[in-house]
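J.: If it helps, the file is called run27.txt and holds compact mmCIF, C-alpha atoms and all ligand atoms:
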# COMPACT_ATOMS: atom_id res chain seq x y z
CA LEU A 1 117.51 2.65 -223.13
CA THR A 2 120.25 5.08 -224.21
CA PRO A 3 120.03 5.92 -227.94
CA LYS A 4 123.09 4.54 -229.75
CA ARG A 5 124.08 7.91 -231.19
CA LEU A 6 127.81 7.12 -231.05
CA ALA A 7 127.53 3.80 -232.90
CA GLY A 8 130.46 3.46 -235.30
CA GLU A 9 132.63 5.95 -233.38
CA ARG A 10 135.92 4.68 -231.97
CA ILE A 11 136.68 6.53 -228.76
CA LEU A 12 139.80 6.37 -226.63
CA VAL A 13 139.42 7.53 -223.03
CA THR A 14 142.28 7.91 -220.57
CA ALA A 15 141.60 7.78 -216.85
CA GLY A 16 143.23 7.72 -213.46
CA PRO A 17 146.61 8.88 -212.28
CA THR A 18 150.03 7.90 -213.51
CA LEU A 19 152.55 6.56 -211.07
CA GLU A 20 156.24 7.37 -211.37
CA GLU A 21 158.57 5.12 -209.40
CA ILE A 22 161.34 6.48 -207.17
CA ASP A 23 162.55 3.06 -206.01
CA PRO A 24 160.96 -0.42 -205.65
CA VAL A 25 158.67 0.79 -202.83
CA ARG A 26 158.04 4.53 -203.42
CA TYR A 27 156.46 6.62 -206.14
CA ILE A 28 155.12 10.04 -207.17
CA SER A 29 151.46 10.19 -208.14
CA ASN A 30 148.27 12.24 -207.56
CA HIS A 31 144.74 11.88 -206.19
CA SER A 32 142.94 10.82 -209.37
CA SER A 33 140.60 7.89 -208.70
CA GLY A 34 139.63 7.23 -212.32
CA LYS A 35 135.95 8.08 -211.62
CA MET A 36 135.70 10.79 -214.28
CA GLY A 37 137.38 8.80 -217.04
CA TYR A 38 135.57 5.54 -216.22
CA ALA A 39 132.23 7.42 -216.31
CA ILE A 40 133.06 8.75 -219.79
CA ALA A 41 134.07 5.28 -220.99
CA ARG A 42 130.83 3.78 -219.58
CA GLN A 43 128.56 6.44 -221.08
CA ALA A 44 130.33 6.27 -224.46
CA ARG A 45 129.83 2.49 -224.52
CA LEU A 46 126.15 2.88 -223.57
CA ARG A 47 125.81 5.22 -226.57
CA GLY A 48 127.15 2.52 -228.85
CA ALA A 49 130.77 3.65 -229.31
CA GLU A 50 133.67 1.23 -229.55
CA VAL A 51 135.64 2.27 -226.47
CA THR A 52 139.27 1.79 -225.44
CA LEU A 53 140.06 2.78 -221.88
CA VAL A 54 143.72 3.44 -221.13
CA THR A 55 143.88 3.58 -217.37
CA GLY A 56 146.48 4.35 -214.78
CA PRO A 57 146.26 2.51 -211.43
CA SER A 58 142.64 2.60 -210.17
CA CYS A 59 140.61 0.27 -207.97
CA LEU A 60 137.43 0.87 -209.99
CA THR A 61 135.86 -1.89 -212.06
CA PRO A 62 136.05 -1.02 -215.76
CA PRO A 63 132.73 -0.77 -217.61
CA LEU A 64 131.52 -3.85 -219.47
CA GLY A 65 132.20 -4.06 -223.17
CA VAL A 66 135.16 -1.71 -223.08
CA GLU A 67 138.70 -2.65 -224.12
CA VAL A 68 140.96 -1.94 -221.16
CA VAL A 69 144.68 -1.18 -221.34
CA ARG A 70 146.33 -0.86 -217.93
CA VAL A 71 149.41 1.30 -217.55
CA GLN A 72 151.44 2.73 -214.73
CA SER A 73 153.71 5.59 -215.80
CA ALA A 74 153.17 8.53 -218.17
CA GLN A 75 155.59 6.97 -220.64
CA GLU A 76 153.57 3.74 -220.62
CA MET A 77 150.36 5.75 -221.09
CA ARG A 78 151.89 7.56 -224.03
CA ASP A 79 152.98 4.27 -225.67
CA ALA A 80 149.54 2.74 -225.11
CA VAL A 81 147.73 5.79 -226.53
CA GLN A 82 150.04 6.00 -229.55
CA GLY A 83 149.61 2.27 -230.16
CA CYS A 84 145.80 2.56 -230.33
CA LEU A 85 145.73 5.84 -232.24
CA PRO A 86 145.55 4.67 -235.88
CA ARG A 87 142.04 3.27 -235.29
CA ILE A 88 140.66 6.11 -233.12
CA ASP A 89 138.24 8.94 -234.07
CA VAL A 90 137.92 10.69 -230.71
CA VAL A 91 140.34 11.01 -227.78
CA ILE A 92 139.09 12.15 -224.36
CA LYS A 93 141.93 12.63 -221.88
CA ALA A 94 140.58 12.65 -218.34
CA ALA A 95 143.76 11.09 -216.90
CA ALA A 96 145.88 13.08 -214.49
CA VAL A 97 149.30 12.53 -216.02
CA ALA A 98 152.36 13.30 -213.90
CA ASP A 99 154.21 16.17 -215.55
CA TYR A 100 157.54 14.97 -214.10
CA ARG A 101 159.17 11.67 -213.18
CA PRO A 102 162.30 10.88 -211.15
CA LYS A 103 165.31 11.16 -213.42
CA THR A 104 166.60 7.83 -212.17
CA ARG A 105 164.77 4.97 -210.47
CA ALA A 106 166.85 3.44 -207.68
CA GLY A 107 167.23 -0.33 -208.09
CA GLU A 108 167.09 -0.86 -204.31
CA LYS A 109 165.03 0.83 -201.58
CA VAL A 110 166.58 4.23 -200.82
CA LYS A 111 168.00 4.13 -197.30
CA LYS A 112 167.24 6.75 -194.67
CA SER A 113 170.48 8.58 -193.89
CA GLN A 114 170.73 12.32 -194.62
CA GLU A 115 168.44 14.92 -192.98
CA SER A 116 167.14 15.97 -196.39
CA LEU A 117 166.99 14.26 -199.72
CA CYS A 118 166.71 15.69 -203.22
CA ILE A 119 165.05 13.74 -205.99
CA GLU A 120 165.82 15.15 -209.41
CA LEU A 121 162.81 15.14 -211.72
CA GLU A 122 162.64 15.29 -215.49
CA LYS A 123 159.73 16.18 -217.73
CA ASN A 124 157.33 13.54 -218.95
CA PRO A 125 156.00 13.64 -222.50
CA ASP A 126 152.83 15.73 -222.86
CA ILE A 127 150.66 13.05 -224.44
CA LEU A 128 147.83 15.36 -225.39
CA ALA A 129 150.13 17.99 -226.90
CA GLU A 130 151.72 15.28 -229.03
CA LEU A 131 148.26 14.22 -230.23
CA GLY A 132 147.38 17.83 -230.97
CA ALA A 133 150.47 18.25 -233.13
CA HIS A 134 149.36 15.35 -235.38
CA LYS A 135 145.62 15.67 -235.05
CA GLY A 136 144.30 14.78 -238.50
CA GLU A 137 140.50 14.39 -238.54
CA ARG A 138 140.36 13.36 -234.91
CA ILE A 139 138.39 15.15 -232.20
CA LEU A 140 140.54 15.89 -229.14
CA VAL A 141 138.98 16.60 -225.77
CA GLY A 142 141.26 17.49 -222.88
CA PHE A 143 140.68 18.30 -219.25
CA ALA A 144 142.29 21.11 -217.32
CA ALA A 145 142.72 20.65 -213.58
CA GLU A 146 143.37 24.06 -212.06
CA THR A 147 143.39 25.69 -208.65
CA GLN A 148 143.49 29.30 -209.91
CA ASP A 149 142.66 31.34 -213.04
CA LEU A 150 140.56 28.47 -214.37
CA VAL A 151 139.43 29.98 -217.66
CA ARG A 152 142.74 31.61 -218.54
CA ASN A 153 144.82 28.50 -217.79
CA ALA A 154 142.36 26.15 -219.47
CA GLY A 155 142.21 28.43 -222.52
CA ALA A 156 145.99 28.32 -222.78
CA LYS A 157 145.88 24.48 -222.74
CA LEU A 158 143.12 24.44 -225.38
CA LYS A 159 145.36 26.46 -227.72
CA ALA A 160 148.74 24.92 -226.87
CA LYS A 161 147.42 21.36 -227.30
CA ASN A 162 145.22 22.12 -230.36
CA LEU A 163 142.05 20.78 -228.70
CA ASP A 164 138.43 20.97 -229.85
CA LEU A 165 137.14 21.14 -226.30
CA VAL A 166 138.67 21.48 -222.88
CA VAL A 167 136.73 20.49 -219.77
CA ALA A 168 138.02 22.83 -217.09
CA ASN A 169 137.58 21.92 -213.45
CA ASP A 170 138.69 23.95 -210.47
CA VAL A 171 139.93 21.08 -208.31
CA SER A 172 140.05 23.25 -205.19
CA GLN A 173 136.23 23.62 -205.21
CA GLU A 174 134.21 21.33 -202.97
CA GLY A 175 132.37 18.73 -205.07
CA ALA A 176 134.78 19.07 -207.98
CA GLY A 177 137.86 17.31 -209.24
CA PHE A 178 139.73 14.45 -207.66
CA ASN A 179 138.17 11.42 -206.05
CA VAL A 180 134.59 12.67 -205.60
CA ASP A 181 131.42 11.54 -207.40
CA THR A 182 130.51 15.02 -208.66
CA ASN A 183 132.27 17.65 -210.72
CA ILE A 184 131.85 21.33 -211.61
CA ALA A 185 133.01 22.04 -215.14
CA LYS A 186 133.34 24.81 -217.66
CA PHE A 187 133.58 23.86 -221.34
CA LEU A 188 135.90 25.94 -223.51
CA PHE A 189 135.56 25.35 -227.25
CA SER A 190 138.10 26.12 -229.97
CA ASP A 191 135.69 28.70 -231.51
CA GLY A 192 135.85 30.74 -228.29
CA ARG A 193 132.53 29.63 -226.79
CA ILE A 194 132.46 28.99 -223.05
CA GLU A 195 129.73 26.99 -221.33
CA GLU A 196 129.40 26.94 -217.57
CA LEU A 197 127.85 23.85 -215.98
CA PRO A 198 126.43 23.42 -212.48
CA MET A 199 127.68 20.75 -210.09
CA MET A 200 126.56 17.35 -211.34
CA GLY A 201 127.40 13.67 -211.00
CA LYS A 202 130.38 12.51 -213.05
CA GLU A 203 128.15 10.08 -215.00
CA GLU A 204 125.86 12.98 -215.96
CA LEU A 205 128.81 15.21 -216.87
CA ALA A 206 130.20 12.38 -219.00
CA GLY A 207 126.90 12.41 -220.91
CA VAL A 208 127.09 16.17 -221.51
CA ILE A 209 130.71 15.85 -222.72
CA LEU A 210 129.59 13.12 -225.14
CA ASP A 211 126.65 15.24 -226.40
CA ASN A 212 129.26 17.79 -227.42
CA VAL A 213 131.50 15.13 -228.96
CA GLU A 214 128.54 14.04 -231.11
CA THR A 215 128.05 17.63 -232.29
CA LEU A 216 131.77 18.14 -232.97
CA ARG A 217 131.96 14.88 -234.95
CA GLY A 218 128.90 15.91 -236.95
CA GLU A 219 130.43 19.31 -237.72
CA LYS A 220 133.70 17.73 -238.79
CA ARG A 221 131.96 15.24 -241.07
CA GLY A 222 129.85 18.00 -242.60
CA ALA A 223 132.88 20.28 -243.16
O1 LIG B 301 139.91 10.61 -211.58
P1 LIG B 301 139.01 11.45 -210.70
O2 LIG B 301 139.27 11.21 -209.23
O3 LIG B 301 137.55 11.29 -211.07
O4 LIG B 301 139.38 12.99 -210.92
C1 LIG B 301 139.06 13.63 -212.12
C2 LIG B 301 140.17 14.57 -212.58
C3 LIG B 301 140.32 15.71 -211.60
C4 LIG B 301 141.50 13.80 -212.70
C5 LIG B 301 139.72 15.08 -214.00
O5 LIG B 301 138.52 15.77 -213.88
C6 LIG B 301 140.79 16.00 -214.60
O6 LIG B 301 140.81 17.20 -214.40
N1 LIG B 301 141.71 15.39 -215.39
C7 LIG B 301 142.90 16.07 -215.94
C8 LIG B 301 143.96 16.18 -214.89
C9 LIG B 301 145.21 16.84 -215.42
O7 LIG B 301 146.24 16.22 -215.48
O8 LIG B 301 145.07 18.07 -215.87
P2 LIG B 301 146.23 19.01 -216.47
O9 LIG B 301 145.61 20.35 -216.48
O10 LIG B 301 147.51 18.80 -215.73
O11 LIG B 301 146.44 18.43 -217.93
C10 LIG B 301 145.75 18.96 -219.06
C11 LIG B 301 145.42 17.86 -220.05
O12 LIG B 301 146.64 17.36 -220.64
C12 LIG B 301 144.70 16.67 -219.47
O13 LIG B 301 143.75 16.24 -220.40
C13 LIG B 301 145.81 15.62 -219.29
O14 LIG B 301 145.32 14.29 -219.44
C14 LIG B 301 146.76 15.98 -220.42
N2 LIG B 301 148.19 15.71 -220.12
C15 LIG B 301 148.81 16.37 -219.10
C16 LIG B 301 150.16 16.16 -218.86
C17 LIG B 301 150.87 15.25 -219.69
N3 LIG B 301 152.16 15.02 -219.47
N4 LIG B 301 150.23 14.61 -220.68
C18 LIG B 301 148.89 14.83 -220.92
O15 LIG B 301 148.31 14.25 -221.84
Written as structure tokens, that's how I'd like the structure from this file.
Ligand code: PMT
T.:
Amino acid sequence: LTPKRLAGERILVTAGPTLEEIDPVRYISNHSSGKMGYAIARQARLRGAEVTLVTGPSCLTPPLGVEVVRVQSAQEMRDAVQGCLPRIDVVIKAAAVADYRPKTRAGEKVKKSQESLCIELEKNPDILAELGAHKGERILVGFAAETQDLVRNAGAKLKAKNLDLVVANDVSQEGAGFNVDTNIAKFLFSDGRIEELPMMGKEELAGVILDNVETLRGEKRGA
């Protein structure tokens, strides 16, 4: 039986992709399956936490005992996260949020006519950066999905978004990142520490992330 070391903690996990509509039949999205975020939600629940899972479209079955909020776009994810926030101690953002969305959504299916077509995109809100700007006593854990300069890029996100921990994964590595059952992560902490982990199952990695959340919560309470 898993020791209930996160009993009393209220943890919000985001998972999956966001989906940004172009017209009634087309959209922009990414390859996130939700596996990483769902594993974190499941392991946090097993450790006794009260868990809210805000999930983009995913065909996975949510873990038992977890409150599930289903969203589609980045803007919906932001509204859902902000709505839950007042009662949350820890946010873990494993979701792959689309950085841009089509500036307008066509009301009808776009017809094939020209040889090329431009879709103008505008920036989505950076949900995690917004949380970092009004962090309070919360612990914020972000992910960084990179294909180059993993540590440098992840370190920049840790600082820019005011995170306690960033889980950096090089999504171009085999056995890491999108839509596989394993991941290869490096942890970057706000005090400058870096921890390199071997390839492991996403459930196991979720457990290691939560071990660190426990420590960070303990440190914050003791401070
Ligand atoms: O779902 P799986 O198939 O299991 O795949 C797992 C994963 C590859 C999606 C996961 O391990 C991962 O890396 N998640 C983060 C993906 C991502 O969007 O990374 P990023 O480097 O673009 O974003 C950095 C952080 O900011 C992330 O925590 C992200 O949730 C957050 N973000 C990004 C953009 C935005 N507009 N708002 C955000 O909150």
J.: Give me the residues of chain A that have any atom at most 6 Å from an atom of ligand LIG 301 (chain B); for each, the nearest atom pair and the distance in Å, rounded to one decimal. Use only C-alpha atoms and all ligand atoms, sort by chain and number, and format it as CSV.
T.:
residue,atom,partner,partner_atom,distance
A:Gly16,CA,B:LIG301,O1,4.8
A:Ser32,CA,B:LIG301,O2,3.7
A:Ser33,CA,B:LIG301,O2,3.6
A:Gly34,CA,B:LIG301,O1,3.5
A:Lys35,CA,B:LIG301,O3,3.6
A:Met36,CA,B:LIG301,O3,3.7
A:Lys93,CA,B:LIG301,O13,4.3
A:Ala94,CA,B:LIG301,N1,4.2
A:Ala95,CA,B:LIG301,O14,4.4
A:Ala96,CA,B:LIG301,O7,3.3
A:Val97,CA,B:LIG301,C16,4.7
A:Ala98,CA,B:LIG301,N3,5.8
A:Asp99,CA,B:LIG301,N3,4.6
A:Asn124,CA,B:LIG301,N3,5.4
A:Pro125,CA,B:LIG301,N3,5.1
A:Asp126,CA,B:LIG301,N3,3.5
A:Ile127,CA,B:LIG301,O15,3.7
A:Leu128,CA,B:LIG301,O15,3.8
A:Gly142,CA,B:LIG301,O13,3.7
A:Phe143,CA,B:LIG301,O13,3.9
A:Ala144,CA,B:LIG301,O9,3.5
A:Ala145,CA,B:LIG301,O6,4.0
A:Asn169,CA,B:LIG301,O6,5.8
A:Gly177,CA,B:LIG301,C3,3.8
A:Phe178,CA,B:LIG301,O4,3.6
A:Asn179,CA,B:LIG301,O2,3.4
J.: Would you kindly return, as a PyMOL selection string, each protein, DNA or RNA residue with an atom no farther than 8 Å from any atom of segment 102-110 of chain A, considering all atoms listed in the file and excluding same-chain residues fewer than 5 positions away?
T.: chain A and resi 20-25+119-122
J.: Store the residues of this selection in a file with C-alpha atoms, as a PDB file, in the coordinates of the input.
T.:
ATOM      1  CA  GLU A  20     156.240   7.370-211.370  1.00  0.00           C
ATOM      2  CA  GLU A  21     158.570   5.120-209.400  1.00  0.00           C
ATOM      3  CA  ILE A  22     161.340   6.480-207.170  1.00  0.00           C
ATOM      4  CA  ASP A  23     162.550   3.060-206.010  1.00  0.00           C
ATOM      5  CA  PRO A  24     160.960  -0.420-205.650  1.00  0.00           C
ATOM      6  CA  VAL A  25     158.670   0.790-202.830  1.00  0.00           C
ATOM      7  CA  ILE A 119     165.050  13.740-205.990  1.00  0.00           C
ATOM      8  CA  GLU A 120     165.820  15.150-209.410  1.00  0.00           C
ATOM      9  CA  LEU A 121     162.810  15.140-211.720  1.00  0.00           C
ATOM     10  CA  GLU A 122     162.640  15.290-215.490  1.00  0.00           C
TER      11      GLU A 122
END
J.: Could you check the closest approach to Lys4 of chain A for each of A:Ala49, A:Glu204, A:Arg42, A:Val66 and tell me which residue wins, using all atoms listed in the file?
T.: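 Among the listed residues, the smallest separation from Lys4 of chain A belongs to A:Ala49.
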J.: What separation in Å, quoted to one decimal, exists between atom CA of Asn212 of chain A and atom CA of Asp79 of chain A?
T.: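 Between atom CA of Asn212 of chain A and atom CA of Asp79 of chain A the gap works out to 27.4 Å.
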J.: Quick check, in Å to one decimal: how far apart do atom CA of Gly8 of chain A and atom CA of Pro63 of chain A lie?
T.: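 We find that atom CA of Gly8 of chain A and atom CA of Pro63 of chain A lie 18.3 Å from each other.
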J.: Quick one: everything within 12 Å of Gln148 of chain A, counting all atoms listed in the file, minus sequence neighbours fewer than 6 positions away in the same chain. Send it as a PyMOL selection string.
T.: chain A and resi 154+168-173
J.: With all atoms listed in the file as the atoms that count, which of A:Glu130, A:Glu196, A:Glu9, A:Asp191 lies nearest to Asp164 of chain A?
T.: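 So, comparing all the options, the nearest one is A:Asp191.
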J.: Hey, which of A:Leu46, A:Leu158, A:Ala176, A:Val90 ends up closest to Leu140 of chain A? Count all atoms listed in the file.
T.: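 Distance minimum relative to Leu140 of chain A lands on A:Val90.
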J.: Between A:Leu165, A:Val91, A:Lys112, A:Gly175, single out the one closest to Thr215 of chain A, counting all atoms listed in the file.
T.: A:Leu165
J.: By how many Å are atom CA of Leu60 of chain A and atom CA of Tyr100 of chain A apart?
T.: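 Here the two named atoms are 24.9 Å from each other.
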J.: So, counting all atoms listed in the file, which residue among A:Gln72, A:Gly136, A:Glu195, A:Val180 is closest to Val151 of chain A?
T.: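 Smallest separation from Val151 of chain A among the options: A:Glu195.
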J.: From the list A:Ala185, A:Val69, A:Ala41, A:Val141, which residue is nearest Leu6 of chain A when using all atoms listed in the file?
T.: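 When distances to Leu6 of chain A are compared using all atoms listed in the file, the smallest one comes from A:Ala41.
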J.: If I only have part of segment 60-85 of chain A, can you fill in N, CA and C atoms and write it as a PDB file, keeping the file's coordinate frame?
T.:
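The resulting file, out21.pdb, is shown below:
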ATOM      1  N   LEU A  60     138.778   0.976-209.435  1.00  0.00           N
ATOM      2  CA  LEU A  60     137.430   0.870-209.990  1.00  0.00           C
ATOM      3  C   LEU A  60     137.329  -0.320-210.946  1.00  0.00           C
ATOM      4  N   THR A  61     136.101  -0.823-211.096  1.00  0.00           N
ATOM      5  CA  THR A  61     135.860  -1.890-212.060  1.00  0.00           C
ATOM      6  C   THR A  61     135.560  -1.260-213.417  1.00  0.00           C
ATOM      7  N   PRO A  62     136.301  -1.636-214.448  1.00  0.00           N
ATOM      8  CA  PRO A  62     136.050  -1.020-215.760  1.00  0.00           C
ATOM      9  C   PRO A  62     134.659  -1.374-216.279  1.00  0.00           C
ATOM     10  N   PRO A  63     134.059  -0.491-217.065  1.00  0.00           N
ATOM     11  CA  PRO A  63     132.730  -0.770-217.610  1.00  0.00           C
ATOM     12  C   PRO A  63     132.766  -1.997-218.528  1.00  0.00           C
ATOM     13  N   LEU A  64     131.621  -2.674-218.600  1.00  0.00           N
ATOM     14  CA  LEU A  64     131.520  -3.850-219.470  1.00  0.00           C
ATOM     15  C   LEU A  64     131.596  -3.446-220.936  1.00  0.00           C
ATOM     16  N   GLY A  65     132.204  -4.294-221.733  1.00  0.00           N
ATOM     17  CA  GLY A  65     132.200  -4.060-223.170  1.00  0.00           C
ATOM     18  C   GLY A  65     133.235  -3.075-223.653  1.00  0.00           C
ATOM     19  N   VAL A  66     134.143  -2.699-222.739  1.00  0.00           N
ATOM     20  CA  VAL A  66     135.160  -1.710-223.080  1.00  0.00           C
ATOM     21  C   VAL A  66     136.525  -2.403-223.109  1.00  0.00           C
ATOM     22  N   GLU A  67     137.341  -2.094-224.110  1.00  0.00           N
ATOM     23  CA  GLU A  67     138.700  -2.650-224.120  1.00  0.00           C
ATOM     24  C   GLU A  67     139.545  -1.888-223.113  1.00  0.00           C
ATOM     25  N   VAL A  68     140.215  -2.610-222.228  1.00  0.00           N
ATOM     26  CA  VAL A  68     140.960  -1.940-221.160  1.00  0.00           C
ATOM     27  C   VAL A  68     142.458  -2.170-221.328  1.00  0.00           C
ATOM     28  N   VAL A  69     143.220  -1.082-221.294  1.00  0.00           N
ATOM     29  CA  VAL A  69     144.680  -1.180-221.340  1.00  0.00           C
ATOM     30  C   VAL A  69     145.193  -0.558-220.043  1.00  0.00           C
ATOM     31  N   ARG A  70     145.848  -1.365-219.228  1.00  0.00           N
ATOM     32  CA  ARG A  70     146.330  -0.860-217.930  1.00  0.00           C
ATOM     33  C   ARG A  70     147.782  -0.422-218.042  1.00  0.00           C
ATOM     34  N   VAL A  71     148.052   0.770-217.525  1.00  0.00           N
ATOM     35  CA  VAL A  71     149.410   1.300-217.550  1.00  0.00           C
ATOM     36  C   VAL A  71     149.747   1.839-216.170  1.00  0.00           C
ATOM     37  N   GLN A  72     151.018   2.151-216.005  1.00  0.00           N
ATOM     38  CA  GLN A  72     151.440   2.730-214.730  1.00  0.00           C
ATOM     39  C   GLN A  72     151.981   4.150-214.931  1.00  0.00           C
ATOM     40  N   SER A  73     153.043   4.283-215.684  1.00  0.00           N
ATOM     41  CA  SER A  73     153.710   5.590-215.800  1.00  0.00           C
ATOM     42  C   SER A  73     153.159   6.388-216.992  1.00  0.00           C
ATOM     43  N   ALA A  74     153.554   7.670-217.035  1.00  0.00           N
ATOM     44  CA  ALA A  74     153.170   8.530-218.170  1.00  0.00           C
ATOM     45  C   ALA A  74     153.750   7.985-219.472  1.00  0.00           C
ATOM     46  N   GLN A  75     154.979   7.496-219.406  1.00  0.00           N
ATOM     47  CA  GLN A  75     155.590   6.970-220.640  1.00  0.00           C
ATOM     48  C   GLN A  75     154.823   5.742-221.145  1.00  0.00           C
ATOM     49  N   GLU A  76     154.371   4.892-220.202  1.00  0.00           N
ATOM     50  CA  GLU A  76     153.570   3.740-220.620  1.00  0.00           C
ATOM     51  C   GLU A  76     152.224   4.199-221.189  1.00  0.00           C
ATOM     52  N   MET A  77     151.641   5.247-220.577  1.00  0.00           N
ATOM     53  CA  MET A  77     150.360   5.750-221.090  1.00  0.00           C
ATOM     54  C   MET A  77     150.542   6.294-222.494  1.00  0.00           C
ATOM     55  N   ARG A  78     151.629   7.017-222.698  1.00  0.00           N
ATOM     56  CA  ARG A  78     151.890   7.560-224.030  1.00  0.00           C
ATOM     57  C   ARG A  78     152.025   6.424-225.063  1.00  0.00           C
ATOM     58  N   ASP A  79     152.795   5.380-224.723  1.00  0.00           N
ATOM     59  CA  ASP A  79     152.980   4.270-225.670  1.00  0.00           C
ATOM     60  C   ASP A  79     151.650   3.588-225.966  1.00  0.00           C
ATOM     61  N   ALA A  80     150.831   3.402-224.927  1.00  0.00           N
ATOM     62  CA  ALA A  80     149.540   2.740-225.110  1.00  0.00           C
ATOM     63  C   ALA A  80     148.631   3.589-226.006  1.00  0.00           C
ATOM     64  N   VAL A  81     148.586   4.895-225.744  1.00  0.00           N
ATOM     65  CA  VAL A  81     147.730   5.790-226.530  1.00  0.00           C
ATOM     66  C   VAL A  81     148.208   5.802-227.978  1.00  0.00           C
ATOM     67  N   GLN A  82     149.510   5.951-228.179  1.00  0.00           N
ATOM     68  CA  GLN A  82     150.040   6.000-229.550  1.00  0.00           C
ATOM     69  C   GLN A  82     149.764   4.688-230.283  1.00  0.00           C
ATOM     70  N   GLY A  83     149.846   3.579-229.548  1.00  0.00           N
ATOM     71  CA  GLY A  83     149.610   2.270-230.160  1.00  0.00           C
ATOM     72  C   GLY A  83     148.183   2.110-230.659  1.00  0.00           C
ATOM     73  N   CYS A  84     147.219   2.704-229.951  1.00  0.00           N
ATOM     74  CA  CYS A  84     145.800   2.560-230.330  1.00  0.00           C
ATOM     75  C   CYS A  84     145.404   3.567-231.409  1.00  0.00           C
ATOM     76  N   LEU A  85     146.146   4.646-231.499  1.00  0.00           N
ATOM     77  CA  LEU A  85     145.730   5.840-232.240  1.00  0.00           C
ATOM     78  C   LEU A  85     145.255   5.627-233.680  1.00  0.00           C
TER      79      LEU A  85
END
